[in-house]
Structures are given as structure tokens and as C-alpha cells.
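What follows is a set of notes on a single structure, which appears directly below.
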Amino acid sequence: MRIIAGKAKGYNIKVPQGEVRPTQDRVREALFNILGNLVENASILDLFCGSGSVGLEALSRGAARVRMVDASHASCTMARQNMERSKLTGGSVVQSDCLQFVRRDAGQYDIIFADPPYCKAAGDRDMIAELMTDRLHELMAPGAYFIAEAQLGYGVGDAHTRDFPGWKLVDERTYGKNTILFYQTDV
């Protein structure tokens with residue numbers, strides 16, 4: 001895994017062993033190509049950040065501020081180390097349950113990205129749906145995007161469960177079994 005473009009292009013991102021499923025390079029590259037100039041000078045929230053690959057890519061491409069949040073101590077430590085070693089500035093790492101963080105944060109973000117553990121079977125906890133039915137919309141600046149990565153099949157990854165009151169699905173891209181969903185508030 002590496003940072004694909006920007007100031008830290010080519011930096012090899014370290015990943016905690018066995019803890020995370022990082023967003024693949026080709027998926028991250030496609031995501032940031034779609035976002036284009038929206039990343040420059042943006043305020044970004046990276047939920048379930050793992051190694052910090054999405055947040056680091058955003059900083060490398062000119063985001064003004066990136067807050068990376070994960071419940072795992074090992075993931076937060078690795079994200080901090082990756083940020084320091086890549087010499088990127090403007091980022092912060094918060095160790096917290098992401099759903100609790102959203103409930104108490106008062107920030108405003110231009111882009112919010114979430115890559116929680118996939119909902120792989122009926123009955124699995126769908127954290128994307130939980131985020132979207134909580135107060136996530138209150139953290140979004142006008143015109144902001146909420147981008148969720150899911151696995152095809154269950155939960156938000158099922159084409160029949162992607163609609164949420166107050167949200168509009170504006171784009172969707174599929175890469176193998178992974179899908180990236182782009183939402184904006186409907187208000």
C-alpha cells in the first residue's frame with residue numbers, strides 16, 4: 001500500500017497486522033479521481049481509519065484538515081506513525097468508537113468517509129446504516145459528501161437498502177466485491 005498522488009506520493013503505508021482491511025490502492029485512486037479538486041483545502045473526517053490510508057491520501061492531495069478516527073489502539077498508533085513518517089501535516093488521530101465520536105463531535109466537514117467492518121451476512125451490524133440514521137448529517141458542511149465503502153450483498157451493500165430519509169445517493173461505483181456510495185444530504 002502506498003500514497004498514490006500529491007506531496008507524499010509513493011510513501012509506503014504501514015498496516016497493523018491482522019487488524020484492518022485497508023482500502024485498496026486502486027479503489028483509493030478511483031475515489032480521489034472522482035473527488036478531484038473537492039479535496040483541496042477541504043476538512044475531512046475519516047471514520048474507521050485503520051492505517052490512515054484515506055486520510056493520508058487526502059492530506060497528500062491538499063486537504064486542509066483531516067481527522068482520522070478508529071476504536072483500535074493499534075490502528076491509531078499506526079495512523080499516527082504513518083502521518084509522522086510521511087511528513088504530512090494538518091491531520092489528527094482520535095482513538096474512539098466512531099459512532100460515539102459522531103454523537104459528540106461538533107465539527108463541520110466537507111467530506112466524511114467511512115469504511116467500517118463489512119456487513120457480510122444477514123444479522124451483522126450495519127454501521128453505515130447506524131451512522132446515517134444518527135446525527136452524521138449535522139457534521140456535514142453545505143454541499144458536503146458522505147462516502148461509504150461497503151461489500152456487495154448485505155446491509156448498505158444490498159441495492160435494496162441504500163435509501164435513508166434525508167439522504168440522496170448521488171453516485172455509486174463498484175470495484176470487484178466492494179462498492180463506494182456517495183451521499184449528500186437531501187435537505
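In the C-alpha cells, each chain is lettered A, B, ... as it comes, each chain's residues begin at 1, and ligands are numbered from 1 in order of appearance.
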- Select from region 16-72 of chain A everything DSSP, run on the backbone, classes as alpha helix (DSSP H), then give the selection as a VMD selection string. chain A and resid 25 to 35 53 to 60
With C-alpha atoms retained, export the selected residues as a CSV table (one decimal), in the first residue's frame.
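Output (part.csv):
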```
chain,number,residue,atom,x,y,z
A,25,ASP,CA,-4.8,1.4,-3.9
A,26,ARG,CA,-7.0,1.1,-7.0
A,27,VAL,CA,-10.2,1.9,-5.0
A,28,ARG,CA,-8.5,4.9,-3.3
A,29,GLU,CA,-7.1,6.1,-6.6
A,30,ALA,CA,-10.6,6.0,-8.2
A,31,LEU,CA,-12.2,7.6,-5.2
A,32,PHE,CA,-9.8,10.6,-5.2
A,33,ASN,CA,-10.0,10.9,-9.0
A,34,ILE,CA,-13.8,11.2,-8.7
A,35,LEU,CA,-13.5,13.8,-5.9
A,53,SER,CA,-4.6,5.4,4.1
A,54,VAL,CA,-7.6,7.5,3.1
A,55,GLY,CA,-6.8,10.4,5.4
A,56,LEU,CA,-3.1,10.4,4.4
A,57,GLU,CA,-4.1,10.4,0.7
A,58,ALA,CA,-6.3,13.4,1.4
A,59,LEU,CA,-3.5,15.3,3.2
A,60,SER,CA,-1.1,14.4,0.4
```
Restrict the calculation to only C-alpha atoms, then for each residue of region 29-129 of chain A with any atom at most 12 Å from an atom of region 143-153 of chain A give the closest atom pair and their distance in Å to one decimal, rows by chain and rising residue number, as a tab-separated table.
```
residue	atom	partner	partner_atom	distance
A:Leu31	CA	A:Ile147	CA	9.2
A:Phe32	CA	A:Ile147	CA	11.3
A:Ile34	CA	A:Ile147	CA	11.4
A:Leu35	CA	A:Tyr145	CA	9.5
A:Leu38	CA	A:Ala144	CA	9.5
A:Val39	CA	A:Tyr145	CA	10.9
A:Ala42	CA	A:Ala144	CA	9.8
A:Ser43	CA	A:Ala144	CA	9.8
A:Ile44	CA	A:Ala144	CA	9.7
A:Leu45	CA	A:Phe146	CA	9.4
A:Asp46	CA	A:Ile147	CA	9.6
A:Leu47	CA	A:Ala148	CA	9.6
A:Phe48	CA	A:Glu149	CA	10.6
A:Cys49	CA	A:Glu149	CA	11.7
A:Val54	CA	A:Ile147	CA	11.3
A:Gln108	CA	A:Ala144	CA	9.2
A:Tyr109	CA	A:Ala144	CA	6.9
A:Asp110	CA	A:Ala144	CA	4.4
A:Ile111	CA	A:Tyr145	CA	4.9
A:Ile112	CA	A:Phe146	CA	4.7
A:Phe113	CA	A:Ile147	CA	4.7
A:Ala114	CA	A:Ala148	CA	4.9
A:Asp115	CA	A:Glu149	CA	5.0
A:Pro116	CA	A:Glu149	CA	7.6
A:Pro117	CA	A:Ala150	CA	8.4
A:Tyr118	CA	A:Ala150	CA	5.9
A:Cys119	CA	A:Gln151	CA	7.1
A:Lys120	CA	A:Gly153	CA	7.0
A:Ala121	CA	A:Gly153	CA	7.9
A:Ala122	CA	A:Gly153	CA	9.2
A:Asp124	CA	A:Gly153	CA	11.6
A:Asp126	CA	A:Ala150	CA	9.5
A:Met127	CA	A:Ala150	CA	10.0
A:Ile128	CA	A:Ala148	CA	6.9
A:Ala129	CA	A:Ala148	CA	9.9
```
- Message: Considering only C-alpha atoms, can you say which of A:Lys87, A:Lys168, A:Arg2, A:Arg65 comes closest to Ser51 (chain A)?
- Response: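 Checking each candidate against Ser51 (chain A), we get A:Arg2 as the closest.
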- Query: Which residue out of A:Ala74, A:Leu88, A:Val170, A:Leu181 has the minimum interatomic distance to Asp158 (chain A) when only C-alpha atoms are used?
  - Reply: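 Checking each candidate against Asp158 (chain A), we get A:Leu181 as the closest.
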- Residues at most 10 Å from region 132-134 of chain A, counting only C-alpha atoms, excluding those fewer than 2 positions away in the same chain, as a PyMOL selection string? chain A and resi 99+102-103+127-130+136-138+146+163-167+183+185
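Using only C-alpha atoms, the nearest neighbour of Thr77 (chain A) within the list A:Gly90, A:Gly62, A:Gly123, A:Pro16 is A:Pro16.
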- Å distance separating CA of Gly50 (chain A) from CA of Arg21 (chain A), one decimal place: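 So the answer is 7.6 Å.
In this structure, CA of Ser75 (chain A) sits 25.9 Å away from CA of Thr174 (chain A).
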- Item | A:Lys7, A:Arg80, A:Arg85, A:Arg104 ranked by distance to Leu139 (chain A), top pick (using only C-alpha atoms) | A:Arg104
- For CA of Ala63 (chain A) and CA of Pro142 (chain A), the interatomic separation in Å (one decimal):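 Straight-line distance from CA of Ala63 (chain A) to CA of Pro142 (chain A) works out to 16.9 Å.
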- A:Ala71, A:Met78, A:Met1, A:Met83: which is nearest Ser96 (chain A), counting only C-alpha atoms?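 Among the listed residues, A:Ala71 lies closest to Ser96 (chain A).
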- strand (DSSP E) positions in chain A, given as a PyMOL selection string: chain A and resi 43-47+65-70+91-95+109-114+140-151+167-175+178-185
- Near Ala5 (chain A), within 7 Å and counting only C-alpha atoms, which residues show up once chain neighbours fewer than 3 positions away are dropped, as a PyMOL selection string? chain A and resi 8-9+60-61
- Query: Given the choices A:Arg162, A:Asp105, A:Ile13, A:Asp97, which gets closest to Ala79 (chain A) if the distance is worked out from only C-alpha atoms?
  - Reply: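 Smallest distance to Ala79 (chain A) is found for A:Ile13.
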